[in-house]
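Undergrad: Take this structure first; my questions come after.
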Amino acid sequence: MHRDELLPGETFDVLVAGGGVTGIAAALAAARQGAKTILVEPRPFIGGNAATGLCIHTFLTKNGCQVVYGIAQEIVDRLVEAGGAVGHVRLPDGYVHSVTPVDADLFRMETTAMLAQAGVLILYNTALVGAESHGGEVRRVRVASKSRLGWLAAKVFVDATGDADLAALAGAECREGWTGSGAMQPVSMMLRAVGVDTHRACDALAERPPAYATKKGVDRPFPVYFHGTFSRWNKLLRELGVYDHDNHQFWTNTVWPNQLNVNASRLAHVNGNDPLSLSQATVELTEQLRKLSRFLRDHVPGFEGASFIPNAFVGVRETRNIKGLYEINEDDIRAGRRFADAIGQACFPVDIHHPDGKSQQHIDIGGDGAYDLPYRALVPAGFANLLAAGRCVSVSEYAHGATRNMAPCMTTGEAAGVAAAMAAASGTPCPELPIAALQAKLLEAGVYLGERAAAPERVAAE
Ligand SMILES: Cc1cc2nc3c(=O)[nH]c(=O)nc-3n(C[C@H](O)[C@H](O)[C@H](O)COP(=O)(O)OP(=O)(O)OC[C@H]3O[C@@H](n4cnc5c(N)ncnc54)[C@H](O)[C@@H]3O)c2cc1C
């Protein structure tokens, strides 16, 4: 036993770093396969970016077919039951074809219960700050807990940090920002408005048909998602110092008739991996939201009596991605590609906020509107017992615009959890896991794998 172990004498089958949607799905999936699982999270709560008030995108293709199931759907079902979701709602005219708004706090409550039930040990207030690896094998990770530094050991590790922190610290090759320039998509901070007349706010703001829904205890449908621009107020917004450009876009969602989550702040040229850059962005975006709140209260119908609550942290769209055995690319998304080693499907289109912070690009998925997520994109090249999932999987910057959203993140998270548990139990290196056995376990767990022919027995690097 090492004297500097954080939890003396404990060795885990699977260690998941990061408790966002991805880490939650990964830890749950691993524990449900019987693995002794620990989830390490620096914040005193789980959820990551899902704790900021965002719709889960996206379960349904442009043709209205649901392709995302498994743990992602299970969470939505639990939230509907708890009053924290309204299910999947078709959006007639948007860059997504359906929306799944969820309440961030109820999301945290339900997923905390699910992890506890599955026997996952969640270590809060603990960040991964180092990794010891030899010959492509991660031995243990260095963590900074509330009161001390220490090491944690496991048989298999899953990087669900969003930023590929674990992979980078272990020495895996990663791409940071866009190839060549290192540019990253801008960051944003969510704003919650409480005490809103959402019908009037929607009438005043929506530029395209909103999504309406209802739920138990609410007698008439209310707007659960609408979006548009603040073009009508361009001059005023510049005068108030909210934005330095015109036609700023916003998105709102809610599961409550009198609240709105507002996604309308943006800051460019921020590196989410740089503590100073991120800290300065926190100050600037909090100020942007203070000014935006005053604007909404004083000038937009429906917000007159509202209270405004800025999210506690900055939402980061893009930082690092691993270089895996396969990198999902633009052609794969444009073609709606199928892969023999699929571990799930995704249908969120490409959504790239330009790094200059001034424009946004949306491109629909080709084919039937869904593409396969290949297992090889979760396997960092050269590592036997390390997987990555969620925002930091192996993708080009273009494909990242499609895979970074929460439904694909939960799908890769669940697959990484099952694969990690299998690797830990059998001692098989992650790149050599029998893919048919992995797919069989995923199917058993309710994951949708598309209508493919029999898969090959082994994953081979391309
Ligand atoms: C402003 C904004 C709006 C968005 N809108 C939508 C939307 O409408 N719908 C949608 O589906 N998606 C949206 N996304 C994308 C989506 O929310 C994220 O990409 C997704 O939630 C990422 O999940 P994740 O679990 O991979 O990463 P994260 O949510 O970032 O979670 C990573 C977790 O790892 C932890 N962590 C970080 N570093 C370490 C470390 N060193 N050690 C241990 N733990 C660590 C973090 O604390 C965090 O809890 C949006 C993103 C942003 C920023």
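Each chain in the structure tokens gets a letter, A, B and so on, in the order shown; residues start at 1 in every chain, and ligands are counted from 1 in the order they appear.
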Give me every strand (DSSP E or B) residue in region 30-170 of chain A, going by DSSP on the backbone, as number ranges by chain.
TA: A: 37-40, 47, 56, 60, 66, 85, 89-90, 98-100, 102, 121-123, 127-134, 137-144, 149-159
Undergrad: Would you save the residues from that selection as a short mmCIF file (atom, residue, chain, number, x, y, z; two decimals), in the first residue's frame, using N, CA and C atoms?
TA:
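File written: again-v2.cif
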```cif
data_model
loop_
_atom_site.label_atom_id
_atom_site.label_comp_id
_atom_site.auth_asym_id
_atom_site.auth_seq_id
_atom_site.Cartn_x
_atom_site.Cartn_y
_atom_site.Cartn_z
N THR A 37 -16.97 0.95 -8.87
CA THR A 37 -16.78 2.17 -9.65
C THR A 37 -16.69 3.41 -8.76
N ILE A 38 -15.75 4.27 -9.10
CA ILE A 38 -15.63 5.56 -8.41
C ILE A 38 -15.74 6.67 -9.45
N LEU A 39 -16.47 7.73 -9.07
CA LEU A 39 -16.66 8.90 -9.94
C LEU A 39 -16.03 10.09 -9.24
N VAL A 40 -15.07 10.72 -9.90
CA VAL A 40 -14.32 11.82 -9.27
C VAL A 40 -14.76 13.14 -9.88
N GLY A 47 -23.41 16.79 -12.83
CA GLY A 47 -24.23 17.36 -13.91
C GLY A 47 -23.38 18.10 -14.93
N ILE A 56 -31.74 18.80 -23.45
CA ILE A 56 -30.90 17.72 -23.96
C ILE A 56 -31.17 17.60 -25.46
N LEU A 60 -34.42 12.65 -31.47
CA LEU A 60 -35.19 12.32 -32.68
C LEU A 60 -34.52 12.90 -33.93
N GLN A 66 -36.75 8.10 -33.26
CA GLN A 66 -35.88 8.17 -32.08
C GLN A 66 -34.73 7.20 -32.24
N ALA A 85 -39.32 17.20 -16.58
CA ALA A 85 -39.17 17.13 -18.04
C ALA A 85 -40.55 16.99 -18.66
N VAL A 89 -40.16 16.94 -27.59
CA VAL A 89 -41.16 17.78 -28.24
C VAL A 89 -40.65 18.14 -29.64
N ARG A 90 -41.47 17.87 -30.66
CA ARG A 90 -41.05 18.21 -32.04
C ARG A 90 -40.97 19.72 -32.20
N SER A 98 -36.23 18.25 -32.71
CA SER A 98 -36.98 18.02 -31.48
C SER A 98 -36.15 18.58 -30.33
N VAL A 99 -36.82 18.88 -29.24
CA VAL A 99 -36.12 19.38 -28.06
C VAL A 99 -36.57 18.59 -26.83
N THR A 100 -35.67 18.46 -25.86
CA THR A 100 -35.97 17.72 -24.63
C THR A 100 -35.51 18.57 -23.44
N VAL A 102 -35.02 19.88 -19.74
CA VAL A 102 -35.02 19.22 -18.42
C VAL A 102 -34.68 20.26 -17.35
N LEU A 121 -19.39 5.09 -5.96
CA LEU A 121 -18.85 6.02 -4.97
C LEU A 121 -18.55 7.33 -5.68
N ILE A 122 -19.26 8.40 -5.31
CA ILE A 122 -18.96 9.71 -5.91
C ILE A 122 -18.05 10.46 -4.96
N LEU A 123 -16.89 10.86 -5.48
CA LEU A 123 -15.96 11.64 -4.67
C LEU A 123 -16.04 13.08 -5.16
N ALA A 127 -10.40 16.94 -7.75
CA ALA A 127 -10.00 17.10 -9.17
C ALA A 127 -8.81 16.23 -9.49
N LEU A 128 -8.83 15.71 -10.71
CA LEU A 128 -7.70 14.93 -11.17
C LEU A 128 -6.60 15.89 -11.66
N VAL A 129 -5.40 15.75 -11.10
CA VAL A 129 -4.34 16.70 -11.46
C VAL A 129 -3.08 16.01 -12.00
N GLY A 130 -3.08 14.70 -12.05
CA GLY A 130 -1.91 14.00 -12.58
C GLY A 130 -2.25 12.56 -12.87
N ALA A 131 -1.40 11.91 -13.64
CA ALA A 131 -1.61 10.48 -13.94
C ALA A 131 -0.25 9.82 -14.10
N GLU A 132 -0.17 8.58 -13.60
CA GLU A 132 1.08 7.81 -13.74
C GLU A 132 0.81 6.71 -14.74
N SER A 133 1.53 6.74 -15.85
CA SER A 133 1.31 5.67 -16.84
C SER A 133 2.63 5.13 -17.34
N HIS A 134 2.63 3.84 -17.68
CA HIS A 134 3.82 3.17 -18.21
C HIS A 134 3.40 2.30 -19.37
N GLU A 137 -0.22 2.04 -20.23
CA GLU A 137 -1.15 1.62 -19.18
C GLU A 137 -1.17 2.67 -18.07
N VAL A 138 -2.37 3.15 -17.75
CA VAL A 138 -2.50 4.11 -16.65
C VAL A 138 -2.52 3.30 -15.35
N ARG A 139 -1.59 3.62 -14.44
CA ARG A 139 -1.54 2.86 -13.18
C ARG A 139 -2.44 3.49 -12.12
N ARG A 140 -2.29 4.80 -11.96
CA ARG A 140 -3.06 5.49 -10.93
C ARG A 140 -3.14 6.96 -11.30
N VAL A 141 -4.06 7.68 -10.66
CA VAL A 141 -4.20 9.10 -10.96
C VAL A 141 -4.02 9.91 -9.68
N ARG A 142 -3.44 11.09 -9.86
CA ARG A 142 -3.19 12.00 -8.74
C ARG A 142 -4.40 12.92 -8.62
N VAL A 143 -4.96 13.03 -7.44
CA VAL A 143 -6.13 13.89 -7.27
C VAL A 143 -5.88 14.90 -6.16
N ALA A 144 -6.50 16.07 -6.31
CA ALA A 144 -6.45 17.10 -5.27
C ALA A 144 -7.83 17.14 -4.63
N LEU A 149 -3.65 16.11 -1.21
CA LEU A 149 -3.35 15.43 -2.47
C LEU A 149 -3.24 13.93 -2.20
N GLY A 150 -3.55 13.13 -3.21
CA GLY A 150 -3.41 11.68 -3.02
C GLY A 150 -3.55 10.96 -4.35
N TRP A 151 -3.34 9.64 -4.32
CA TRP A 151 -3.45 8.82 -5.54
C TRP A 151 -4.67 7.91 -5.44
N LEU A 152 -5.28 7.64 -6.60
CA LEU A 152 -6.36 6.66 -6.68
C LEU A 152 -5.99 5.65 -7.77
N ALA A 153 -6.18 4.37 -7.47
CA ALA A 153 -5.83 3.33 -8.44
C ALA A 153 -7.09 2.64 -8.97
N ALA A 154 -7.02 2.21 -10.22
CA ALA A 154 -8.13 1.46 -10.83
C ALA A 154 -7.57 0.58 -11.93
N LYS A 155 -8.40 -0.40 -12.35
CA LYS A 155 -7.96 -1.26 -13.46
C LYS A 155 -8.16 -0.54 -14.80
N VAL A 156 -9.28 0.17 -14.93
CA VAL A 156 -9.58 0.88 -16.18
C VAL A 156 -10.07 2.29 -15.85
N PHE A 157 -9.69 3.24 -16.69
CA PHE A 157 -10.01 4.65 -16.45
C PHE A 157 -10.86 5.20 -17.59
N VAL A 158 -11.86 6.01 -17.23
CA VAL A 158 -12.68 6.68 -18.26
C VAL A 158 -12.53 8.18 -18.10
N ASP A 159 -12.09 8.84 -19.16
CA ASP A 159 -11.96 10.30 -19.16
C ASP A 159 -13.28 10.91 -19.58
#
```
Undergrad: Identify, counting only C-alpha atoms and all ligand atoms, the protein, DNA and RNA residues located within 6 Å of ligand 1, and give them as a PyMOL selection string.
TA: chain A and resi 17-23+40-43+46-50+54-57+127-129+160-162+165+187-189+315-317+390-391+404-407+409
Undergrad: Write out as a count of residues only which residues come within 10 Å of region 419-436 of chain A when counting only C-alpha atoms, dropping same-chain ones fewer than 5 positions away.
TA: 51
Undergrad: Pick out the residues sitting within 8 Å of Ala206 (chain A), and hand them over as a PyMOL selection string; count only C-alpha atoms, and ignore anything fewer than 2 positions along from it in its own chain.
TA: chain A and resi 202-204+208-210+226-228
Undergrad: Keeping N, CA and C atoms, export the residues of the selection given above as a JSON list (two decimals), in the first residue's frame.
TA:
```
[["chain", "number", "residue", "atom", "x", "y", "z"],
["A", 202, "CYS", "N", -42.68, 34.86, -24.97],
["A", 202, "CYS", "CA", -42.56, 34.11, -26.23],
["A", 202, "CYS", "C", -43.14, 34.92, -27.39],
["A", 203, "ASP", "N", -44.31, 35.53, -27.16],
["A", 203, "ASP", "CA", -44.91, 36.36, -28.22],
["A", 203, "ASP", "C", -43.98, 37.49, -28.62],
["A", 204, "ALA", "N", -43.28, 38.05, -27.63],
["A", 204, "ALA", "CA", -42.41, 39.20, -27.92],
["A", 204, "ALA", "C", -41.10, 38.80, -28.59],
["A", 208, "ARG", "N", -39.36, 32.19, -34.70],
["A", 208, "ARG", "CA", -39.81, 31.01, -35.43],
["A", 208, "ARG", "C", -40.82, 30.29, -34.54],
["A", 209, "PRO", "N", -41.62, 29.38, -35.11],
["A", 209, "PRO", "CA", -42.65, 28.72, -34.29],
["A", 209, "PRO", "C", -42.04, 28.04, -33.05],
["A", 210, "PRO", "N", -42.54, 28.37, -31.87],
["A", 210, "PRO", "CA", -42.01, 27.76, -30.64],
["A", 210, "PRO", "C", -42.48, 26.33, -30.47],
["A", 226, "PHE", "N", -38.10, 28.33, -27.43],
["A", 226, "PHE", "CA", -38.18, 29.26, -28.56],
["A", 226, "PHE", "C", -36.86, 29.98, -28.71],
["A", 227, "HIS", "N", -36.65, 30.49, -29.90],
["A", 227, "HIS", "CA", -35.39, 31.17, -30.15],
["A", 227, "HIS", "C", -35.56, 32.28, -31.17],
["A", 228, "GLY", "N", -34.53, 33.08, -31.33],
["A", 228, "GLY", "CA", -34.60, 34.20, -32.26],
["A", 228, "GLY", "C", -33.38, 35.08, -32.10]]
```
Undergrad: For Asp244 (chain A), find every residue with an atom within 12 Å (counting only C-alpha atoms), except residues of its own chain fewer than 5 positions away, and show them as a ChimeraX atom specification.
TA: /A:234-239,265-268,288,357-358
Undergrad: Just checking: using only C-alpha atoms, which residue out of A:Ala167, A:Lys62, A:Phe295, A:Ala211 ends up closest to Gly367 (chain A)?
TA: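 The answer is A:Lys62, which sits nearest to Gly367 (chain A).
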Undergrad: Please report the interatomic distance between CA of Leu438 (chain A) and CA of Gly344 (chain A) in Å with one decimal.
TA: 11.2 Å
Undergrad: Counting only C-alpha atoms, figure out which residue out of A:Gly305, A:Gly177, A:Pro349, A:Gly119 gets nearest to Gly94 (chain A).
TA: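 Smallest distance to Gly94 (chain A) is found for A:Pro349.
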Undergrad: I'd like the contact shell of Ala201 (chain A) - 10 Å cut-off, only C-alpha atoms, skipping same-chain residues fewer than 2 positions apart - returned as number ranges by chain.
TA: A: 196-199, 203-206, 223, 226, 260, 296, 300-304
Undergrad: Based on the backbone DSSP call, show me all residues of region 274-445 of chain A assigned alpha helix (DSSP H), as a VMD selection string.
TA: chain A and resid 275 to 299 330 to 335 397 to 403 406 to 426 435 to 444
Undergrad: Go through A:Ser293, A:Thr319, A:Thr403, A:Asn253 one by one, measure the shortest atom-to-atom distance of each to Asp274 (chain A) using only C-alpha atoms, and give the residue with the smallest value.
TA: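 Of the candidates, the smallest distance to Asp274 (chain A) is held by A:Thr319.
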Undergrad: Smallest atom-to-atom distance to Lys323 (chain A): which of A:Asp4, A:Glu444, A:Asp77, A:Glu173, using only C-alpha atoms?
TA: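 Comparing A:Asp4, A:Glu444, A:Asp77, A:Glu173 against Lys323 (chain A), the winner is A:Glu173.
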Undergrad: Between A:Val255, A:Leu91, A:Val218, A:Ala172, which has the minimum distance to Leu106 (chain A) (counting only C-alpha atoms)?
TA: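 Under the stated criterion, the closest residue is A:Val255.
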Undergrad: Using only C-alpha atoms, pick whichever of A:Gly135, A:Val447, A:Ser359, A:Arg294 has the shortest atom-to-atom distance to Gly171 (chain A).
TA: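 Using only C-alpha atoms, Gly171 (chain A) sits closest to A:Gly135.
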Undergrad: Excluding Ile322 (chain A) and residues on its chain fewer than 5 positions from it, collect all residues at most 6 Å away from it, counting only C-alpha atoms, and give them as number ranges by chain.
TA: A: 174, 393-394
